[in-house]
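Visitor: Take a look at this one; I'll ask things after.
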Amino acid sequence: MGELHRDLGLTDDEAEAIAGLLGRPANDLELAMYAVMWSEHCSYKSSRVHLGRLPFTAPWVLAGFGENAGVVDVGDGIAVALRIESHNHPSAIEPYQGAATGVGGIIRDIFTMGARPIALLDSLHFGPLDNPRNRWVMEGVVSGVSGYGNSVGVPTVGGELSVRPCFTGNPLVNVACVGLMRHERLVLARAEGVGNLAVLLGSSTGRDGIGGVSVLASAEFSDGDEAKRPSVQVGDPFEEKRLIEACLALFDADLVVGIQDLGGAGLCCATSEIAANGGLGMDVDVRTVPLREAGMVPAEIMTSESQERMLAIVEPADLDKVLAVCRRWEVQATVVGTVTTGGRLRILDGPGGEVLADVPAGTLHDDAPRYRRAMQPPADLDARRADDPSGLPAPDDCGAALLDMLADTSWIWTQYDHQLFLNTVEGPGGDAAVLRVKAPGLPATRRAIALTTDSNSRWCALDPRAGTALLVAEGVLNGACAGARPLAVVNCLNFGNPEHPEVMWQFSEAVDGLADTCRAMGLPVVGGNVSLYNSSDGVDIDPTPVIGVLGVIDELTRRPPGAGLHPGGHLLVLGPTPGGLAGSRWAEAAHAHRGGTLPALDVDVHAAVCELVRGLVDDGLVDGLHDVSDGGLGLALAEMAVRAGTGFEVDIPATPEIGGHAGLFSESPSRVVVCVPRSHVVEVTRRAADAGVPVAALGHAGGDRMVVAGLVDVALADATAAWTGSLPARLQLIDT
């Protein structure tokens with residue numbers, strides 16, 4: 001056995017398995033095709049045995065796991081397509097293009113289903129910004145998201161930012177996209193009809209992206225990875241815009257039998273998957289593929305991940321109409337293959353030419369290895385969980401500790417055009433983005449959707465199962481703060497090296513936390529992504545599942561109140577008594593403490609809080625509200641104050657279990673701060689009692705100071721300066 005398979009990332013056992021499937025040794029082109037398709041990124045070979053535990057179905061799910069994007073019914077004959085993906089490894093090497101092509105790829109996942117993309121969200125994670133390379137990565141990533149999203153014409157309406165040491169050398173760049181469509185427009189990625197044509201749409205194929213995410217995302221980073229820069233794809237948002245409009249026009253004219261975007265593994269992936277999904281085969285002529293570089297060999301053509309390309313299955317009688325639509329939108333369209341019987345994918349060197357590769361199409365993905373890798377919890381797990389932070393000394397100045405947590409992310413989202421289409425009701429910076437359900441060709445409706453992405457690597461490093469459960473709960477509560485009922489979940493599971501038993505234990509625990517909580521809340525998981533090998537120089541990132549929640553507002557009659565205060569408003573906290581400082585931002589920031597047991601999530605209590613909050617928002621009974629999560633009650637109040645330009649004076653209720661600074665910084669779940677007009681306090685309190693939800697009076701909004709009795713007394717102007725200046729100062733954009 002030669003060494004080529006090892007150079008391509010295949011193990012000896014995998015090469016032997018391929019020979020067994022083919023009944024002969026694979027040739028060089030076939031090895032290259034199996035290498036990209038059996039990579040971690042494309043085959044999920046380390047994670048698939050665990051993902052089957054997730055709940056995938058619900059009556060409102062029209063398309064789910066296994067498709068390019070999940071599609072759910074939101075009423076009135078309208079469906080929403082949604083998906084989240086990672087582009088972590090390319091972004092670490094070439095931040096601008098890595099992030100930009102991540103945006104382009106997720107947009108294609110959406111319009112591949114027949115939906116018009118209407119919004120993007122991102123979840124960005126970087127190392128500390130006193131490191132020049134981390135600053136370079138962050139600025140490049142943000143520029144890449146804005147440069148592509150703004151140019152292609154899809155607004156970025158929300159997201160999140162995390163800065164922690166574990167992301168030095170391995171940033172996380174996760175991007176979600178949603179689109180709107182009529183039910184009958186749903187298009188699936190499968191070939192039908194022997195003799196139908198495979199038509200390659202969009203950009204020509206180049207050497208940029210050869211190996212791409214299928215290789216970059218299947219190995220750890222180490223020094224010298226600058227040599228991988230040519231593997232990062234290069235995006236063209238203007239080509240993508242033309243491709244969107246051409247594809248949607250083809251769908252409207254019913255000219256496409258099936259369609260697949262060319263993402264990871266390029267033409268190899270698209271041809272094999274669309275053929276195998278239809279139970280058919282395909283002959284592909286590599287000499288017909290439009291190239292933008294001379295001298296490309298078949299292996300390069302088949303595995304290039306050049307961007308802005310789609311593969312459509314078209315009936316021969318419709319080819320001229322398809323070509324005419326593409327000419328109108330200035331999109332290149334070329335017949336590159338034919339649907340065949342027998343289930344084999346054959347790569348040909350010209351019409352009637354030599355057969356360069358001949359493999360069963362399904363073996364490239366259905367027969368990829370399924371590894372049940374070793375799992376082992378950390379040796380110090382029990383000691384870590386017993387090391388509760390309740391005994392940590394209180395801060396000398398809680399106000400200063402609170403100011404250190406304040407960080408306005410508007411430096412990021414003001415670079416995004418979040419008002420494209422004019423659908424955006426609530427944009428970046430709040431608990432959830434809210435968009436009208438409105439797009440060309442859709443029936444008129446008063447419905448709206450709410451979108452969130454949430455993560456917390458601190459929680460999940462301490463307890464990946466409980467931490468992931470808390471993230472699902474947070475996403476649902478964020479949607480409730482916008483008046484939305486939850487409909488579906490997508491996830492991006494970012495973990496370290498799966499060959500490390502502790503990482504696979506983290507992964508399995510997180511999957512169970514996601515599965516159990518979604519099942520308890522009646523939420524289907526309609527799509528997702530797994531990103532492994534997020535390690536740099538042998539050091540794994542903390543487990544970082546990113547949870548996206550889609551909610552629907554059945555009738556949007558007013559703008560949600562948002563996370564603000566109104567002078568004279570009564571401040572109440574809805575939800576159970578907080579339960580400790582484990583996993584809190586304060587414990588890690590002030591004492592580098594990462595132990596204890598995370599506060600427990602009671603799903604029934606959480607559901608009651610969410611239902612109560614939705615009702616209060618829908619009926620206009622609150623002027624402002626904000627969930628309590630990262631940073632605790634203190635940060636929730638401070639963020640509401642600086643966003644509204646209104647101070648507050650409160651007294652945090654003390655209990656025998658928790659009080660003082662712990663009550664200020666605890667991140668216990670299922671709690672919401674509400675700012676209620678005096679005239680509605682009795683009604684809000686009555687509704688909380690009827691729902692069985694505890695309610696505690698905190699104080700009042702107003703004035704120019706933030707006061708928590710006995711703990712904090714800070715000028716609102718100082719808090720606002722800390723909030724607006726923190727991120728620019730760390731990026732060295734302003735003098736400190």
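By order of appearance in the structure tokens: chains A, B, ..., then residues from 1 within every chain, and ligands from 1 in the order shown.
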Excluding A:Ala63 and any residue of its chain fewer than 3 positions from it, enumerate the residues within 9 Å of it, using only C-alpha atoms, and give them as a ChimeraX atom specification.
Guide: /A:57,66-67,69-72,81,186,188,526
Visitor: Any chance you could tabulate, as JSON lines, the residues of stretch 330-445 of chain A at most 10 Å from stretch 704-726 of chain A with each one's nearest atom pair and distance in Å to one decimal, using only C-alpha atoms, in chain and rising number order?
Guide:
```
{"residue": "A:Pro395", "atom": "CA", "partner": "A:Leu711", "partner_atom": "CA", "distance": 9.6}
{"residue": "A:Asp396", "atom": "CA", "partner": "A:Leu711", "partner_atom": "CA", "distance": 9.6}
{"residue": "A:Asp397", "atom": "CA", "partner": "A:Val712", "partner_atom": "CA", "distance": 7.6}
{"residue": "A:Cys398", "atom": "CA", "partner": "A:Val712", "partner_atom": "CA", "distance": 5.8}
{"residue": "A:Gly399", "atom": "CA", "partner": "A:Val712", "partner_atom": "CA", "distance": 4.7}
{"residue": "A:Ala400", "atom": "CA", "partner": "A:Val712", "partner_atom": "CA", "distance": 8.4}
{"residue": "A:Ala401", "atom": "CA", "partner": "A:Val712", "partner_atom": "CA", "distance": 9.5}
{"residue": "A:Leu402", "atom": "CA", "partner": "A:Val712", "partner_atom": "CA", "distance": 8.5}
{"residue": "A:Leu403", "atom": "CA", "partner": "A:Ala719", "partner_atom": "CA", "distance": 6.1}
{"residue": "A:Asp404", "atom": "CA", "partner": "A:Ala722", "partner_atom": "CA", "distance": 7.5}
{"residue": "A:Met405", "atom": "CA", "partner": "A:Trp723", "partner_atom": "CA", "distance": 8.4}
{"residue": "A:Leu406", "atom": "CA", "partner": "A:Trp723", "partner_atom": "CA", "distance": 4.9}
{"residue": "A:Ala407", "atom": "CA", "partner": "A:Trp723", "partner_atom": "CA", "distance": 4.6}
{"residue": "A:Asp408", "atom": "CA", "partner": "A:Trp723", "partner_atom": "CA", "distance": 5.1}
{"residue": "A:Thr409", "atom": "CA", "partner": "A:Thr724", "partner_atom": "CA", "distance": 8.2}
{"residue": "A:Ser410", "atom": "CA", "partner": "A:Thr724", "partner_atom": "CA", "distance": 8.1}
{"residue": "A:Trp411", "atom": "CA", "partner": "A:Thr724", "partner_atom": "CA", "distance": 8.6}
```
Visitor: Generate the output file for the selected residues, N, CA, C and O atoms, as a compact mmCIF listing (two decimals), in the first residue's frame.
Guide:
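Result saved to out27.txt:
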```
# COMPACT_ATOMS: atom_id res chain seq x y z
N PRO A 395 -15.79 41.24 46.22
CA PRO A 395 -14.95 42.31 45.67
C PRO A 395 -14.93 43.51 46.60
O PRO A 395 -15.91 43.80 47.30
N ASP A 396 -13.79 44.20 46.61
CA ASP A 396 -13.71 45.42 47.40
C ASP A 396 -14.68 46.48 46.87
O ASP A 396 -15.18 47.30 47.62
N ASP A 397 -14.91 46.45 45.57
CA ASP A 397 -15.78 47.44 44.93
C ASP A 397 -16.62 46.73 43.88
O ASP A 397 -16.14 46.46 42.77
N CYS A 398 -17.86 46.39 44.22
CA CYS A 398 -18.74 45.71 43.27
C CYS A 398 -19.03 46.58 42.05
O CYS A 398 -19.23 46.06 40.95
N GLY A 399 -19.04 47.89 42.25
CA GLY A 399 -19.28 48.78 41.13
C GLY A 399 -18.19 48.68 40.09
O GLY A 399 -18.45 48.62 38.88
N ALA A 400 -16.94 48.65 40.55
CA ALA A 400 -15.82 48.52 39.62
C ALA A 400 -15.87 47.18 38.90
O ALA A 400 -15.60 47.09 37.70
N ALA A 401 -16.21 46.12 39.64
CA ALA A 401 -16.33 44.80 39.02
C ALA A 401 -17.41 44.79 37.95
O ALA A 401 -17.26 44.17 36.89
N LEU A 402 -18.48 45.50 38.22
CA LEU A 402 -19.58 45.57 37.25
C LEU A 402 -19.16 46.34 36.01
O LEU A 402 -19.44 45.94 34.87
N LEU A 403 -18.46 47.45 36.21
CA LEU A 403 -18.01 48.24 35.06
C LEU A 403 -17.05 47.44 34.18
O LEU A 403 -17.05 47.59 32.95
N ASP A 404 -16.24 46.58 34.80
CA ASP A 404 -15.30 45.77 34.03
C ASP A 404 -16.02 44.81 33.09
O ASP A 404 -15.44 44.36 32.09
N MET A 405 -17.27 44.46 33.42
CA MET A 405 -18.02 43.52 32.59
C MET A 405 -18.74 44.19 31.43
O MET A 405 -19.13 43.53 30.47
N LEU A 406 -18.94 45.49 31.52
CA LEU A 406 -19.72 46.17 30.49
C LEU A 406 -18.92 46.29 29.19
O LEU A 406 -17.78 46.74 29.20
N ALA A 407 -19.52 45.88 28.10
CA ALA A 407 -18.86 45.99 26.79
C ALA A 407 -19.93 46.11 25.72
O ALA A 407 -20.73 45.20 25.51
N ASP A 408 -19.95 47.24 25.05
CA ASP A 408 -20.88 47.48 23.94
C ASP A 408 -20.29 46.86 22.67
O ASP A 408 -19.14 47.15 22.31
N THR A 409 -21.05 46.01 22.00
CA THR A 409 -20.56 45.37 20.77
C THR A 409 -20.95 46.15 19.53
O THR A 409 -20.85 45.63 18.41
N SER A 410 -21.38 47.39 19.69
CA SER A 410 -21.81 48.15 18.52
C SER A 410 -20.66 48.43 17.55
O SER A 410 -20.90 48.67 16.36
N TRP A 411 -19.39 48.39 18.04
CA TRP A 411 -18.28 48.53 17.10
C TRP A 411 -18.37 47.47 16.01
O TRP A 411 -18.03 47.71 14.85
```
Visitor: Identify, on the basis of only C-alpha atoms, every residue whose closest approach to stretch 596-612 of chain A does not exceed 7 Å; exclude the query and any residue fewer than 3 positions from it along the same chain; express the result as a PyMOL selection string.
Guide: chain A and resi 384-389+470+477+480+575+579-580+582-583+615-616+668-670+688+691+693
Visitor: Would you pick out the contacts of A:Ile274 at 7 Å or less, using only C-alpha atoms, so that residues sharing its chain but fewer than 4 positions from it are not included, and give the list as a PyMOL selection string?
Guide: chain A and resi 189-191+260+270+278
Visitor: Now that the selection is made, can you save its residues with C-alpha atoms as a compact mmCIF listing (two decimals), in the first residue's frame?
Guide:
```txt
# COMPACT_ATOMS: atom_id res chain seq x y z
CA ALA A 189 -31.06 17.92 -2.85
CA ARG A 190 -31.77 14.77 -4.80
CA ALA A 191 -31.47 13.70 -8.41
CA GLN A 260 -27.19 21.13 -4.29
CA ALA A 270 -22.44 17.77 -4.74
CA GLY A 278 -32.16 10.00 -5.35
```
Visitor: Name the residues in contact with stretch 106-122 of chain A at a cut-off of 8 Å, using only C-alpha atoms, excluding same-chain residues fewer than 5 positions from it; report them as a PyMOL selection string.
Guide: chain A and resi 68-69+80-85+149+154-160+173-182+185-189+244+247-248+251+259-261+308+421+439+452-453
Visitor: Any idea what's packed within 8 Å of A:Phe507, counting only C-alpha atoms, ignoring anything in its chain fewer than 2 positions away? Could you give it as a PyMOL selection string?
Guide: chain A and resi 464+493+495+503-505+509-511+543
